[in-house]
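First comes the structure, then the notes that go with it.
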Amino acid sequence: CEKPTSTCIHFDGEARKYLDRGLGQRLTKEETKELISWTDKKGLMHCINGDYQAKGPAFICNCDGCCCYPFRAGRELATLGQWPMLTYQAVYDEEKCTGCGACLKRCYFQAFDKGGSSHPKVDFNKDKCQGCGLCATTCPAKAIEMRKL
């Protein structure tokens, strides 16, 4: 695909494993923040290791919907929502929606759909949402927010 690659971030011991093999590059805290902001603007999803609350962050993966290993495997195995585990979900407020369609362009899971020509806003199917948050970060009207499940 045409999305950026080599954008995943590993921390501490995980990072050393890659650096010791000559892979990747060391980043400062500021460079890491800039990379995450840049990947968000490019439409990449951000995933963190599932045990980060107990063990701290080991990695932040910044991938698109077609190349992200967990989501590709979830589609192949028909386990989306269970694996990768769904921990957040978009909540859509139709009253705030301006119908710009930015969410349609960013959602890898087709959770948003443009209504008919007489319906100026978008429709949202929460069953398709995988909680990546790209819709919420792109909505200029703030009609979408992410809620922890």
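Labels used: A, B, ... for chains in the order of the structure tokens, numbers from 1 for residues in each chain, and numbers from 1 for ligands as shown.
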Residues near range 128-138 of chain A, anyone? I mean within 10 Å using only C-alpha atoms, not counting same-chain ones fewer than 4 positions away, as a ChimeraX atom specification. /A:40-41,43-47,65,71,80-82,84-92,101-112,124,142-149
Could you write those residues out with C-alpha atoms, as a CSV table (one decimal), in the first residue's frame?
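What follows is the written file result.csv:
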```csv
chain,number,residue,atom,x,y,z
A,40,ASP,CA,-1.9,10.1,13.0
A,41,LYS,CA,-2.1,12.7,10.3
A,43,GLY,CA,-4.1,7.9,8.9
A,44,LEU,CA,-2.3,5.2,10.7
A,45,MET,CA,-3.9,3.4,13.7
A,46,HIS,CA,-2.1,3.3,17.0
A,47,CYS,CA,-2.0,0.1,19.0
A,65,GLY,CA,-5.8,-1.3,8.2
A,71,PHE,CA,-6.2,-6.7,12.3
A,80,LEU,CA,-12.3,-9.0,15.1
A,81,GLY,CA,-13.5,-7.6,18.3
A,82,GLN,CA,-12.3,-10.6,20.3
A,84,PRO,CA,-7.5,-8.0,18.7
A,85,MET,CA,-9.5,-7.2,21.7
A,86,LEU,CA,-11.9,-4.3,21.4
A,87,THR,CA,-11.3,-1.9,24.3
A,88,TYR,CA,-12.6,1.3,22.9
A,89,GLN,CA,-15.6,2.2,20.7
A,90,ALA,CA,-16.6,5.3,18.8
A,91,VAL,CA,-19.7,7.1,20.0
A,92,TYR,CA,-21.3,9.1,17.2
A,101,GLY,CA,-17.4,12.6,5.4
A,102,ALA,CA,-13.9,12.8,6.9
A,103,CYS,CA,-14.7,9.7,9.0
A,104,LEU,CA,-15.6,7.7,5.9
A,105,LYS,CA,-12.2,8.3,4.4
A,106,ARG,CA,-10.3,7.4,7.6
A,107,CYS,CA,-12.2,4.3,8.8
A,108,TYR,CA,-10.6,1.0,7.8
A,109,PHE,CA,-13.6,-1.0,9.0
A,110,GLN,CA,-16.4,0.7,7.0
A,111,ALA,CA,-18.2,1.6,10.3
A,112,PHE,CA,-19.4,4.9,8.6
A,124,PHE,CA,-22.6,4.8,11.9
A,142,LYS,CA,-16.1,16.7,17.3
A,143,ALA,CA,-19.2,14.5,16.5
A,144,ILE,CA,-17.3,11.3,17.5
A,145,GLU,CA,-15.6,10.5,20.8
A,146,MET,CA,-14.0,7.3,22.0
A,147,ARG,CA,-15.3,5.5,25.0
A,148,LYS,CA,-13.6,2.7,27.0
A,149,LEU,CA,-15.6,-0.5,27.0
```
Among range 24-126 of chain A, which residues carry a DSSP assignment of strand (DSSP E), reported as a ChimeraX atom specification? /A:45-48,59-63,88-92,112-114,122-124
Write a file of the selected residues as a PDB file, in the first residue's frame, keeping N, CA, C and O atoms.
```
ATOM      1  N   MET A  45      -3.273   3.730  12.374  1.00  0.00           N
ATOM      2  CA  MET A  45      -3.855   3.362  13.671  1.00  0.00           C
ATOM      3  C   MET A  45      -2.731   3.191  14.687  1.00  0.00           C
ATOM      4  O   MET A  45      -1.633   2.773  14.339  1.00  0.00           O
ATOM      5  N   HIS A  46      -3.027   3.472  15.930  1.00  0.00           N
ATOM      6  CA  HIS A  46      -2.055   3.331  17.005  1.00  0.00           C
ATOM      7  C   HIS A  46      -2.511   2.208  17.934  1.00  0.00           C
ATOM      8  O   HIS A  46      -3.621   2.261  18.464  1.00  0.00           O
ATOM      9  N   CYS A  47      -1.678   1.211  18.106  1.00  0.00           N
ATOM     10  CA  CYS A  47      -1.987   0.093  19.003  1.00  0.00           C
ATOM     11  C   CYS A  47      -0.832  -0.057  19.983  1.00  0.00           C
ATOM     12  O   CYS A  47       0.327   0.030  19.595  1.00  0.00           O
ATOM     13  N   ILE A  48      -1.166  -0.302  21.238  1.00  0.00           N
ATOM     14  CA  ILE A  48      -0.147  -0.497  22.268  1.00  0.00           C
ATOM     15  C   ILE A  48      -0.284  -1.911  22.818  1.00  0.00           C
ATOM     16  O   ILE A  48      -1.355  -2.512  22.722  1.00  0.00           O
ATOM     17  N   PHE A  59       5.612  -1.420  23.215  1.00  0.00           N
ATOM     18  CA  PHE A  59       5.604  -0.932  21.838  1.00  0.00           C
ATOM     19  C   PHE A  59       4.336  -0.129  21.569  1.00  0.00           C
ATOM     20  O   PHE A  59       3.330  -0.297  22.244  1.00  0.00           O
ATOM     21  N   ILE A  60       4.425   0.745  20.592  1.00  0.00           N
ATOM     22  CA  ILE A  60       3.269   1.402  19.991  1.00  0.00           C
ATOM     23  C   ILE A  60       3.409   1.137  18.505  1.00  0.00           C
ATOM     24  O   ILE A  60       4.376   1.555  17.872  1.00  0.00           O
ATOM     25  N   CYS A  61       2.459   0.409  17.971  1.00  0.00           N
ATOM     26  CA  CYS A  61       2.458   0.080  16.563  1.00  0.00           C
ATOM     27  C   CYS A  61       1.618   1.128  15.836  1.00  0.00           C
ATOM     28  O   CYS A  61       0.524   1.460  16.284  1.00  0.00           O
ATOM     29  N   ASN A  62       2.130   1.652  14.760  1.00  0.00           N
ATOM     30  CA  ASN A  62       1.427   2.655  13.952  1.00  0.00           C
ATOM     31  C   ASN A  62       1.281   2.090  12.545  1.00  0.00           C
ATOM     32  O   ASN A  62       2.203   2.162  11.750  1.00  0.00           O
ATOM     33  N   CYS A  63       0.142   1.490  12.264  1.00  0.00           N
ATOM     34  CA  CYS A  63      -0.066   0.799  10.995  1.00  0.00           C
ATOM     35  C   CYS A  63      -1.373   1.215  10.346  1.00  0.00           C
ATOM     36  O   CYS A  63      -2.236   1.785  10.980  1.00  0.00           O
ATOM     37  N   TYR A  88     -11.997   0.040  23.088  1.00  0.00           N
ATOM     38  CA  TYR A  88     -12.646   1.339  22.908  1.00  0.00           C
ATOM     39  C   TYR A  88     -13.635   1.221  21.761  1.00  0.00           C
ATOM     40  O   TYR A  88     -13.488   0.376  20.883  1.00  0.00           O
ATOM     41  N   GLN A  89     -14.619   2.100  21.764  1.00  0.00           N
ATOM     42  CA  GLN A  89     -15.562   2.151  20.660  1.00  0.00           C
ATOM     43  C   GLN A  89     -15.964   3.599  20.420  1.00  0.00           C
ATOM     44  O   GLN A  89     -16.082   4.388  21.359  1.00  0.00           O
ATOM     45  N   ALA A  90     -16.174   3.916  19.158  1.00  0.00           N
ATOM     46  CA  ALA A  90     -16.603   5.267  18.800  1.00  0.00           C
ATOM     47  C   ALA A  90     -18.059   5.466  19.208  1.00  0.00           C
ATOM     48  O   ALA A  90     -18.880   4.558  19.103  1.00  0.00           O
ATOM     49  N   VAL A  91     -18.339   6.661  19.683  1.00  0.00           N
ATOM     50  CA  VAL A  91     -19.709   7.080  19.978  1.00  0.00           C
ATOM     51  C   VAL A  91     -19.967   8.273  19.068  1.00  0.00           C
ATOM     52  O   VAL A  91     -19.267   9.279  19.130  1.00  0.00           O
ATOM     53  N   TYR A  92     -20.982   8.145  18.234  1.00  0.00           N
ATOM     54  CA  TYR A  92     -21.276   9.121  17.187  1.00  0.00           C
ATOM     55  C   TYR A  92     -22.489   9.954  17.579  1.00  0.00           C
ATOM     56  O   TYR A  92     -23.534   9.414  17.928  1.00  0.00           O
ATOM     57  N   PHE A 112     -18.617   3.705   9.026  1.00  0.00           N
ATOM     58  CA  PHE A 112     -19.375   4.892   8.623  1.00  0.00           C
ATOM     59  C   PHE A 112     -19.785   4.756   7.164  1.00  0.00           C
ATOM     60  O   PHE A 112     -19.058   4.208   6.346  1.00  0.00           O
ATOM     61  N   ASP A 113     -20.969   5.277   6.858  1.00  0.00           N
ATOM     62  CA  ASP A 113     -21.503   5.192   5.507  1.00  0.00           C
ATOM     63  C   ASP A 113     -22.249   6.492   5.222  1.00  0.00           C
ATOM     64  O   ASP A 113     -22.915   7.027   6.107  1.00  0.00           O
ATOM     65  N   LYS A 114     -22.137   6.980   4.024  1.00  0.00           N
ATOM     66  CA  LYS A 114     -22.861   8.194   3.652  1.00  0.00           C
ATOM     67  C   LYS A 114     -24.299   7.828   3.354  1.00  0.00           C
ATOM     68  O   LYS A 114     -24.575   6.900   2.601  1.00  0.00           O
ATOM     69  N   VAL A 122     -23.822  11.262   8.070  1.00  0.00           N
ATOM     70  CA  VAL A 122     -23.341   9.896   7.874  1.00  0.00           C
ATOM     71  C   VAL A 122     -24.079   8.954   8.814  1.00  0.00           C
ATOM     72  O   VAL A 122     -24.612   9.368   9.844  1.00  0.00           O
ATOM     73  N   ASP A 123     -24.095   7.691   8.441  1.00  0.00           N
ATOM     74  CA  ASP A 123     -24.645   6.648   9.292  1.00  0.00           C
ATOM     75  C   ASP A 123     -23.475   5.927   9.943  1.00  0.00           C
ATOM     76  O   ASP A 123     -22.400   5.806   9.345  1.00  0.00           O
ATOM     77  N   PHE A 124     -23.681   5.437  11.154  1.00  0.00           N
ATOM     78  CA  PHE A 124     -22.625   4.753  11.907  1.00  0.00           C
ATOM     79  C   PHE A 124     -23.117   3.382  12.335  1.00  0.00           C
ATOM     80  O   PHE A 124     -24.185   3.251  12.909  1.00  0.00           O
TER      81      PHE A 124
END
```
